[in-house]
Each structure stands twice: as structure tokens, then as C-alpha cells.
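The structure file query-v1.cif is reproduced below (mmCIF, C-alpha atoms and all ligand atoms).
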```cif
data_work
loop_
_atom_site.label_atom_id
_atom_site.label_comp_id
_atom_site.auth_asym_id
_atom_site.auth_seq_id
_atom_site.Cartn_x
_atom_site.Cartn_y
_atom_site.Cartn_z
CA MET A 1 -214.40 116.70 61.91
CA GLY A 2 -214.20 113.25 63.50
CA GLY A 3 -213.97 110.48 60.95
CA LEU A 4 -212.82 112.77 58.14
CA ARG A 5 -209.19 111.80 58.37
CA PRO A 6 -208.10 111.09 54.78
CA ALA A 7 -207.63 107.40 54.07
CA THR A 8 -204.00 106.37 53.73
CA PRO A 9 -203.43 105.28 50.15
CA MET A 10 -202.63 101.60 49.83
CA PRO A 11 -199.29 100.86 48.17
CA PRO A 12 -199.49 98.68 45.05
CA LEU A 13 -199.87 95.13 46.29
CA VAL A 14 -197.44 92.44 45.21
CA ASP A 15 -198.73 88.97 44.43
CA THR A 16 -195.80 86.64 45.05
CA HIS A 17 -197.75 83.54 44.03
CA VAL A 18 -200.02 83.52 40.99
CA HIS A 19 -200.22 81.08 38.10
CA LEU A 20 -200.40 83.33 35.05
CA LEU A 21 -198.58 81.42 32.32
CA ALA A 22 -201.08 80.26 29.71
CA GLY A 23 -201.19 76.63 28.63
CA LEU A 24 -198.21 75.49 30.70
CA ASP A 25 -199.90 73.64 33.54
CA ASP A 26 -202.99 74.01 35.74
CA GLY A 27 -202.91 77.79 35.38
CA PRO A 28 -204.87 79.74 32.73
CA ASP A 29 -205.75 77.86 29.54
CA THR A 30 -205.29 80.82 27.21
CA PRO A 31 -203.53 84.20 27.07
CA ASP A 32 -206.94 85.88 27.26
CA VAL A 33 -207.62 84.23 30.62
CA ALA A 34 -204.17 85.26 31.84
CA VAL A 35 -204.85 88.87 30.85
CA ALA A 36 -208.26 88.74 32.56
CA MET A 37 -206.54 87.48 35.71
CA CYS A 38 -204.15 90.43 35.57
CA ARG A 39 -207.06 92.83 35.18
CA MET A 40 -208.58 91.26 38.27
CA LEU A 41 -205.27 91.67 40.10
CA ALA A 42 -205.17 95.34 39.13
CA ALA A 43 -208.71 95.74 40.47
CA GLU A 44 -207.52 94.11 43.71
CA GLY A 45 -204.88 96.81 44.02
CA ALA A 46 -201.92 94.79 42.76
CA GLY A 47 -199.18 96.34 40.65
CA HIS A 48 -196.72 93.44 40.55
CA ALA A 49 -197.08 89.69 40.21
CA ALA A 50 -194.81 86.65 40.15
CA ALA A 51 -196.00 84.86 37.00
CA LEU A 52 -195.51 81.24 38.00
CA GLY A 53 -195.13 78.03 36.15
CA HIS A 54 -195.07 74.78 38.12
CA GLN A 55 -191.78 72.93 38.12
CA ASN A 56 -192.47 69.44 39.36
CA PRO A 57 -192.68 65.90 37.91
CA ASP A 58 -196.24 66.54 36.68
CA TYR A 59 -194.97 69.21 34.28
CA PRO A 60 -191.59 68.09 32.94
CA ASP A 61 -191.87 70.43 29.95
CA ASN A 62 -191.74 73.55 32.13
CA THR A 63 -188.10 74.32 31.51
CA PRO A 64 -186.62 77.68 32.48
CA ASP A 65 -186.57 78.75 28.83
CA ARG A 66 -190.24 77.91 28.41
CA ILE A 67 -191.23 79.78 31.57
CA ARG A 68 -189.16 82.83 30.61
CA ALA A 69 -190.61 82.93 27.09
CA SER A 70 -194.15 82.58 28.39
CA ALA A 71 -193.70 85.36 30.95
CA ALA A 72 -192.20 87.64 28.29
CA ALA A 73 -195.17 86.97 26.00
CA LEU A 74 -197.57 87.81 28.81
CA ALA A 75 -195.70 91.02 29.62
CA ALA A 76 -195.96 92.09 25.96
CA GLU A 77 -199.67 91.28 25.92
CA LEU A 78 -200.28 93.30 29.08
CA ALA A 79 -198.37 96.26 27.68
CA ALA A 80 -200.34 96.10 24.42
CA ARG A 81 -203.64 95.98 26.30
CA LYS A 82 -202.55 98.59 28.84
CA VAL A 83 -203.05 96.40 31.91
CA PRO A 84 -201.07 98.05 34.71
CA VAL A 85 -199.51 94.95 36.28
CA ALA A 86 -195.80 94.14 36.00
CA VAL A 87 -195.17 90.40 35.73
CA TYR A 88 -191.97 88.63 36.72
CA PRO A 89 -190.91 85.22 35.34
CA SER A 90 -191.04 82.75 38.24
CA ALA A 91 -191.62 79.14 39.18
CA GLU A 92 -193.17 77.21 42.02
CA VAL A 93 -190.82 74.30 42.52
CA MET A 94 -191.59 71.14 44.44
CA ALA A 95 -189.22 70.11 47.20
CA SER A 96 -187.33 66.94 46.24
CA PRO A 97 -184.09 65.23 47.16
CA SER A 98 -182.51 66.70 44.02
CA LEU A 99 -183.57 70.30 44.67
CA VAL A 100 -180.09 71.67 45.39
CA GLU A 101 -178.58 69.75 42.48
CA ASP A 102 -181.37 70.93 40.15
CA TRP A 103 -180.80 74.51 41.25
CA SER A 104 -177.05 74.27 40.73
CA ALA A 105 -177.59 72.81 37.26
CA GLY A 106 -179.79 75.74 36.22
CA ARG A 107 -182.94 73.66 35.89
CA LEU A 108 -185.09 75.83 38.19
CA VAL A 109 -186.44 79.37 37.93
CA SER A 110 -186.32 81.60 40.99
CA LEU A 111 -188.87 84.24 41.93
CA GLY A 112 -188.44 87.09 39.47
CA ASP A 113 -185.65 85.02 37.86
CA THR A 114 -183.05 86.94 39.85
CA GLY A 115 -181.38 83.85 41.35
CA LYS A 116 -182.04 84.98 44.92
CA TYR A 117 -185.32 83.43 46.14
CA LEU A 118 -186.67 79.98 45.33
CA LEU A 119 -190.41 79.42 45.85
CA ALA A 120 -190.77 75.87 47.18
CA GLU A 121 -193.85 73.83 47.95
CA MET A 122 -194.08 70.46 49.65
CA PRO A 123 -194.49 67.24 47.66
CA HIS A 124 -198.16 66.23 47.32
CA GLY A 125 -199.54 65.14 50.67
CA GLU A 126 -196.19 65.32 52.46
CA PHE A 127 -194.28 67.56 54.80
CA VAL A 128 -190.51 67.59 54.53
CA ASP A 129 -187.97 69.47 56.58
CA LEU A 130 -186.70 72.29 54.39
CA LEU A 131 -184.04 73.33 56.87
CA PRO A 132 -181.18 71.26 55.34
CA VAL A 133 -182.08 72.54 51.87
CA ALA A 134 -182.20 76.13 53.09
CA GLU A 135 -178.81 75.67 54.74
CA GLN A 136 -177.29 74.23 51.58
CA LEU A 137 -178.69 76.96 49.36
CA ARG A 138 -177.81 79.92 51.58
CA PRO A 139 -174.06 79.86 50.81
CA ARG A 140 -175.04 79.86 47.12
CA GLY A 141 -176.84 83.16 47.69
CA VAL A 142 -180.33 81.64 47.46
CA ARG A 143 -183.10 81.69 50.02
CA ILE A 144 -186.22 79.52 50.20
CA VAL A 145 -189.67 81.09 50.13
CA VAL A 146 -192.10 78.61 51.67
CA ALA A 147 -195.09 78.59 49.33
CA HIS A 148 -198.59 78.87 50.86
CA ALA A 149 -197.02 77.95 54.19
CA GLU A 150 -200.33 77.99 56.10
CA ARG A 151 -201.22 74.70 54.40
CA TYR A 152 -198.74 72.81 56.54
CA PRO A 153 -199.94 72.20 60.11
CA ASP A 154 -196.45 70.88 61.02
CA LEU A 155 -195.18 74.38 60.37
CA LEU A 156 -198.20 76.51 61.21
CA HIS A 157 -198.54 75.10 64.71
CA ASP A 158 -194.83 74.77 65.49
CA PRO A 159 -193.47 78.28 66.04
CA ASP A 160 -190.05 76.96 67.07
CA ARG A 161 -189.67 75.13 63.77
CA ALA A 162 -190.90 78.18 61.84
CA ALA A 163 -188.41 80.37 63.71
CA ARG A 164 -185.55 77.97 62.89
CA TRP A 165 -186.43 78.01 59.20
CA ILE A 166 -186.65 81.79 59.24
CA ALA A 167 -183.31 82.04 61.01
CA ALA A 168 -181.87 79.91 58.17
CA GLY A 169 -183.07 82.52 55.68
CA CYS A 170 -186.51 81.17 54.76
CA LEU A 171 -189.32 83.59 54.08
CA ILE A 172 -192.88 82.57 54.90
CA GLN A 173 -195.51 83.15 52.24
CA VAL A 174 -199.19 83.12 53.19
CA THR A 175 -202.23 82.92 50.93
CA ALA A 176 -204.47 85.97 50.94
CA ARG A 177 -207.65 83.92 50.74
CA ALA A 178 -206.64 81.91 53.81
CA VAL A 179 -205.78 85.05 55.78
CA ALA A 180 -209.08 86.69 54.84
CA ASP A 181 -211.27 83.68 55.44
CA PRO A 182 -209.51 80.74 57.10
CA TRP A 183 -211.35 77.51 56.45
CA SER A 184 -210.85 76.07 59.91
CA ASP A 185 -210.53 77.37 63.45
CA ASP A 186 -207.08 75.78 63.64
CA MET A 187 -205.90 77.66 60.59
CA ASP A 188 -207.37 80.88 61.93
CA ARG A 189 -205.55 80.44 65.23
CA GLY A 190 -202.27 79.59 63.51
CA LEU A 191 -202.43 82.45 61.03
CA ARG A 192 -203.35 84.96 63.73
CA ALA A 193 -200.32 83.89 65.73
CA TRP A 194 -198.11 84.16 62.65
CA VAL A 195 -199.34 87.64 61.81
CA GLU A 196 -199.24 88.91 65.38
CA GLY A 197 -195.78 87.42 65.89
CA GLY A 198 -194.36 88.59 62.58
CA TYR A 199 -193.81 85.11 61.11
CA ALA A 200 -195.49 85.87 57.78
CA HIS A 201 -193.40 87.76 55.22
CA LEU A 202 -195.06 87.57 51.83
CA LEU A 203 -198.56 87.52 50.41
CA GLY A 204 -199.80 85.46 47.47
CA SER A 205 -203.18 84.84 45.88
CA ASP A 206 -202.36 81.34 44.54
CA GLY A 207 -204.69 82.32 41.70
CA HIS A 208 -205.05 79.81 38.89
CA GLY A 209 -207.88 81.15 36.74
CA ILE A 210 -210.81 83.48 36.40
CA ASP A 211 -213.72 81.06 36.89
CA ARG A 212 -211.95 79.14 39.65
CA ARG A 213 -209.24 79.96 42.20
CA GLN A 214 -209.27 83.64 41.33
CA PRO A 215 -206.31 85.93 42.04
CA LEU A 216 -207.67 87.75 45.08
CA LEU A 217 -205.52 89.80 47.45
CA ALA A 218 -207.40 92.79 48.84
CA ALA A 219 -209.42 91.07 51.57
CA GLY A 220 -206.34 89.23 52.81
CA TYR A 221 -204.39 92.47 52.89
CA ALA A 222 -207.17 94.16 54.85
CA ARG A 223 -207.15 91.40 57.47
CA LEU A 224 -203.37 91.50 57.68
CA ALA A 225 -203.63 95.20 58.50
CA LYS A 226 -206.35 94.56 61.04
CA LEU A 227 -204.41 91.84 62.85
CA GLY A 228 -200.84 93.05 62.41
CA GLY A 229 -201.12 96.78 61.91
CA ARG A 230 -200.90 98.85 58.76
CA ARG A 231 -197.12 99.10 58.72
CA TYR A 232 -196.65 95.34 58.92
CA ALA A 233 -199.30 94.78 56.24
CA GLU A 234 -197.48 97.20 53.93
CA ARG A 235 -194.27 95.26 54.35
CA VAL A 236 -195.90 91.88 53.72
CA GLY A 237 -198.27 93.04 50.98
CA HIS A 238 -195.91 95.40 49.24
CA ALA A 239 -192.33 96.19 50.29
CA TRP A 240 -190.91 92.73 51.02
CA GLY A 241 -192.72 91.19 48.04
CA LEU A 242 -191.38 93.80 45.65
CA ALA A 243 -187.86 93.41 47.02
CA VAL A 244 -188.07 89.64 46.49
CA LEU A 245 -189.28 89.99 42.90
CA LYS A 246 -186.48 92.44 42.18
CA GLY A 247 -183.84 90.27 43.88
CA GLU A 248 -183.12 92.78 46.64
CA ASP A 249 -182.29 91.93 50.25
CA VAL A 250 -185.14 91.36 52.68
CA ASN A 251 -184.31 91.31 56.36
CA PRO A 252 -187.46 90.95 58.44
CA PRO A 253 -187.10 91.24 62.20
CA PRO A 254 -186.88 87.86 63.96
CA PRO A 255 -190.36 86.56 64.78
CA GLY A 256 -191.78 85.82 68.13
CA GLN A 257 -192.35 89.14 69.73
CA PRO A 258 -195.93 90.32 69.52
CA SER A 259 -195.73 92.99 66.82
CA ARG A 260 -198.46 95.15 68.25
CA THR A 261 -198.76 97.18 71.39
CA TRP A 262 -201.91 98.83 72.64
CA PHE A 263 -200.57 101.99 71.01
CA THR A 264 -200.25 100.54 67.52
CA LYS A 265 -203.61 98.83 67.87
CA LEU A 266 -205.21 102.18 68.60
CA PHE A 267 -203.31 104.36 66.22
CA GLY A 268 -201.95 102.01 63.56
CA GLY A 269 -198.30 101.30 63.22
FE FE A 301 -199.44 77.57 43.55
#
```
Final C-alpha cells representation of the file:
Amino acid sequence: MGGLRPATPMPPLVDTHVHLLAGLDDGPDTPDVAVAMCRMLAAEGAGHAAALGHQNPDYPDNTPDRIRASAAALAAELAARKVPVAVYPSAEVMASPSLVEDWSAGRLVSLGDTGKYLLAEMPHGEFVDLLPVAEQLRPRGVRIVVAHAERYPDLLHDPDRAARWIAAGCLIQVTARAVADPWSDDMDRGLRAWVEGGYAHLLGSDGHGIDRRQPLLAAGYARLAKLGGRRYAERVGHAWGLAVLKGEDVNPPPPGQPSRTWFTKLFGG
């Protein structure tokens, strides 16, 4: 009977970073492409997706109202075409000196539009310390999600800095494609350490289209499970992501301790 153990069903994956809003920015050009991306997500095993618009100086027209209307239109389209992916109005905001002021003035959209988690990326070609911003936002009930955090060597290879940001309430989002197939040995080493130490909290595809930068999650999820154990992968790929999109509390254990023992490596955990 060896090898006949039934496979554990995978929970519906949650894409916390995918550009699905048609015609707003560098995401899909048309609603048809957005729907095709959602079909691809469903085929990847995803059931939920943060439908992002960019909010940065390149796209000044992406107001909260525009993003909300676009996400609602996509949700209606998906329901009409029976595509089984729930989409949540969201934005990827660019860190700037006015971030806290912009948030307070209602100019930014949070993940899932619940007012609890703000997905922030670095300005083009720069790395800025998000700790002061995280500390200013926390009393307002908002936490920073660091978008595609593996892109930033100053964070990826500085576990003390990452731990300080996490202690200030930040959640670390990693890109599925990078986890599955890191494009450098340095990134591979950094991501392994993050997964094995429990630094990574959320998974995103960073999908932008169907012919380019596709919304892929499954291979990244599989490698997360291989490196960090099934239980950790389920949290990152499903439970924590869903809680974020619904505006619920997420309290990951502090990072730094290797998350896997010989026992969990052998038997899953
Ligand atoms: Fe993005």
C-alpha cells in the first residue's frame, strides 16, 4: 500500500498581488484579458485575488473611486462568466514622503479595501526604510505589506532589518515566480532563508497579463511547501492571504527560528 496515501487537497490559493484592472495602467488592456487572467488563476488553484491598480505618480488617474468601480465591474464580469475567483479591490502604492498623509486623506486603497493593510512598493530603483512609515500607520490601525519584497537585496539579505519591520507590523509578500525559479543564486539563498525562517507571509503572482507576466502561483506554492513544510505553505498561500483580503488579524510567529525540524521534514508539518 506504500505510496497510496491520498493526496492532501490544496486549499484555494490567494493571490495577494495581481494586476487585474483593465485599462487602468500596465495591467490588462481589456476586460477580456482580465477575465482570461482570472481563468488562469483558477487553473493555478487560486480562489481569491487582490485586484490591483497602481497608485503612483505614473498613474495619477487611479483614484480610489476608479479602482473600486473597476474591481466591481470585473467581479460582475467574472460572475456572469462563471469564473470561480473572488476579486478584492486593492492598490499597489508607491512609498513616498507623503504616504501617511495620503492615507489619512483617503487617497489610497488598501488591500481588499478594508483599511487594514497597505501594499507598498519601493520607488523605482530605490530602497527606502519603511520602518518609520509602518510605525506611523500602526496606531491608525493600518499595517504595511511589503510588495514583492524579494526584489530588495537590502531587505532580503538583512534578516535583522526584516525582523524589525515585521516586529513593527509589516507583512512580507513574496512573488511566486521568484520562489519557484529564483533568477540568481543570491535570490535563491535569500528566499530559502526567508522561507525556512518564517519571514515570508504572503504570496503574490505579480501577474500583469496573459501573454506576458502571467498570474502564476502553483509552482511557487509547491516550492514553499517543499522548503517550509505544508502547514507553513498553507498559511502563506492561503490562510494569511485570505485574512488580509478580508481585513482580519494576522499574527505570524516572530521570524528567525528555523521552522522545520527533522520530523516536519520527514512527515510534513
Ligand atoms: Fe505589482
Would you pick out the contacts of stretch 212-220 of chain A at 6 Å or less, using only C-alpha atoms, so that residues sharing its chain but fewer than 2 positions from it are not included, and give the list as a list in words? Glu44, Ala176, Arg177, Val179, Ala180, Ser205, Gly207, His208, Gly209, Ile210, Ala222 and Arg223 of chain A
With the cut-off set at 10 Å and counting all atoms listed in the file, tabulate each residue of chain A with an atom at most that distance from an atom of ligand FE 301 (chain A), showing the nearest atom pair and its distance in Å to one decimal, ordered by chain and increasing number, as JSON lines.
```
{"residue": "A:Thr16", "atom": "CA", "partner": "A:FE301", "partner_atom": "FE", "distance": 9.9}
{"residue": "A:His17", "atom": "CA", "partner": "A:FE301", "partner_atom": "FE", "distance": 6.2}
{"residue": "A:Val18", "atom": "CA", "partner": "A:FE301", "partner_atom": "FE", "distance": 6.5}
{"residue": "A:His19", "atom": "CA", "partner": "A:FE301", "partner_atom": "FE", "distance": 6.5}
{"residue": "A:Asp26", "atom": "CA", "partner": "A:FE301", "partner_atom": "FE", "distance": 9.3}
{"residue": "A:Gly27", "atom": "CA", "partner": "A:FE301", "partner_atom": "FE", "distance": 8.9}
{"residue": "A:Leu52", "atom": "CA", "partner": "A:FE301", "partner_atom": "FE", "distance": 7.7}
{"residue": "A:Gly53", "atom": "CA", "partner": "A:FE301", "partner_atom": "FE", "distance": 8.6}
{"residue": "A:His54", "atom": "CA", "partner": "A:FE301", "partner_atom": "FE", "distance": 7.5}
{"residue": "A:Ala91", "atom": "CA", "partner": "A:FE301", "partner_atom": "FE", "distance": 9.1}
{"residue": "A:Glu92", "atom": "CA", "partner": "A:FE301", "partner_atom": "FE", "distance": 6.5}
{"residue": "A:Val93", "atom": "CA", "partner": "A:FE301", "partner_atom": "FE", "distance": 9.3}
{"residue": "A:Leu119", "atom": "CA", "partner": "A:FE301", "partner_atom": "FE", "distance": 9.5}
{"residue": "A:Ala120", "atom": "CA", "partner": "A:FE301", "partner_atom": "FE", "distance": 9.6}
{"residue": "A:Glu121", "atom": "CA", "partner": "A:FE301", "partner_atom": "FE", "distance": 8.0}
{"residue": "A:Ala147", "atom": "CA", "partner": "A:FE301", "partner_atom": "FE", "distance": 7.3}
{"residue": "A:His148", "atom": "CA", "partner": "A:FE301", "partner_atom": "FE", "distance": 7.5}
{"residue": "A:Thr175", "atom": "CA", "partner": "A:FE301", "partner_atom": "FE", "distance": 9.5}
{"residue": "A:Gly204", "atom": "CA", "partner": "A:FE301", "partner_atom": "FE", "distance": 8.8}
{"residue": "A:Ser205", "atom": "CA", "partner": "A:FE301", "partner_atom": "FE", "distance": 8.5}
{"residue": "A:Asp206", "atom": "CA", "partner": "A:FE301", "partner_atom": "FE", "distance": 4.9}
{"residue": "A:Gly207", "atom": "CA", "partner": "A:FE301", "partner_atom": "FE", "distance": 7.3}
{"residue": "A:His208", "atom": "CA", "partner": "A:FE301", "partner_atom": "FE", "distance": 7.6}
```
Up to 12 Å from (-172.7, 84.2, 44.4) in the file's coordinates: name the residues, counting all atoms listed in the file, as a PyMOL selection string. chain A and resi 104+114-116+137-142
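Across the model, the gap from atom CA of A:Val87 to atom CA of A:Val35 is 10.9 Å.
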Might you pull out every residue within 12 Å of A:Ala69, with only C-alpha atoms counted and same-chain residues fewer than 5 positions away left off, and present them as an MDAnalysis selection string? chainID A and resid 21:22 24 51 53 62:64 74:76 88:90
Applying 9 Å and all atoms listed in the file, which residues near stretch 243-252 of chain A remain after dropping the ones on its own chain fewer than 3 positions away? List them as an MDAnalysis selection string. chainID A and resid 14 16 48:50 88 90 111:117 169 171 198 201 238:240 255
Of A:Met37, A:Gly23, A:Val85, A:Asp58, the one sitting nearest A:Ser70 when using all atoms listed in the file is A:Gly23
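Residues with any atom within 12 Å of A:Arg192, counting all atoms listed in the file and excluding same-chain neighbours fewer than 6 positions away, are Glu150, Leu156, His157, Val174, Ala178, Val179, Ala180, Asp181, Pro182, Asp185, Asp186, Gly198, Tyr199, Ala200, Arg223, Leu224, Ala225, Lys226, Leu227, Gly228, Pro258 and Ser259 of chain A.
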Using only C-alpha atoms, please write the residues we just selected to a file, as a PDB file, keeping the file's coordinate frame.
```
ATOM      1  CA  GLU A 150    -200.330  77.990  56.100  1.00  0.00           C
ATOM      2  CA  LEU A 156    -198.200  76.510  61.210  1.00  0.00           C
ATOM      3  CA  HIS A 157    -198.540  75.100  64.710  1.00  0.00           C
ATOM      4  CA  VAL A 174    -199.190  83.120  53.190  1.00  0.00           C
ATOM      5  CA  ALA A 178    -206.640  81.910  53.810  1.00  0.00           C
ATOM      6  CA  VAL A 179    -205.780  85.050  55.780  1.00  0.00           C
ATOM      7  CA  ALA A 180    -209.080  86.690  54.840  1.00  0.00           C
ATOM      8  CA  ASP A 181    -211.270  83.680  55.440  1.00  0.00           C
ATOM      9  CA  PRO A 182    -209.510  80.740  57.100  1.00  0.00           C
ATOM     10  CA  ASP A 185    -210.530  77.370  63.450  1.00  0.00           C
ATOM     11  CA  ASP A 186    -207.080  75.780  63.640  1.00  0.00           C
ATOM     12  CA  GLY A 198    -194.360  88.590  62.580  1.00  0.00           C
ATOM     13  CA  TYR A 199    -193.810  85.110  61.110  1.00  0.00           C
ATOM     14  CA  ALA A 200    -195.490  85.870  57.780  1.00  0.00           C
ATOM     15  CA  ARG A 223    -207.150  91.400  57.470  1.00  0.00           C
ATOM     16  CA  LEU A 224    -203.370  91.500  57.680  1.00  0.00           C
ATOM     17  CA  ALA A 225    -203.630  95.200  58.500  1.00  0.00           C
ATOM     18  CA  LYS A 226    -206.350  94.560  61.040  1.00  0.00           C
ATOM     19  CA  LEU A 227    -204.410  91.840  62.850  1.00  0.00           C
ATOM     20  CA  GLY A 228    -200.840  93.050  62.410  1.00  0.00           C
ATOM     21  CA  PRO A 258    -195.930  90.320  69.520  1.00  0.00           C
ATOM     22  CA  SER A 259    -195.730  92.990  66.820  1.00  0.00           C
TER      23      SER A 259
END
```
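One finds atom CA of A:Ala43 at 29.4 Å from atom CA of A:Ile144.
Interatomic distance, atom CA of A:Val236 against atom CA of A:Gln173: 8.9 Å.
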Compile the contact shell of A:Glu101 as a PyMOL selection string: residues with an atom at most 12 Å away, counting all atoms listed in the file, same-chain residues fewer than 6 positions apart removed. chain A and resi 95+107-108+133+136-137+140
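Here the question is which of A:Val128, A:Trp103, A:Glu234, A:Gly256 gets nearest to A:Ala167 using all atoms listed in the file, and that residue is A:Gly256.
Take the candidates A:Leu203, A:Ile172, A:Ala46, A:Leu20 and check each one against A:Ala34 using only C-alpha atoms; the shortest distance goes to A:Leu20.
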Between A:Lys82, A:Cys170, A:Asp61, A:Gln55, which residue has the minimum interatomic distance to A:Met94, considering all atoms listed in the file? A:Gln55
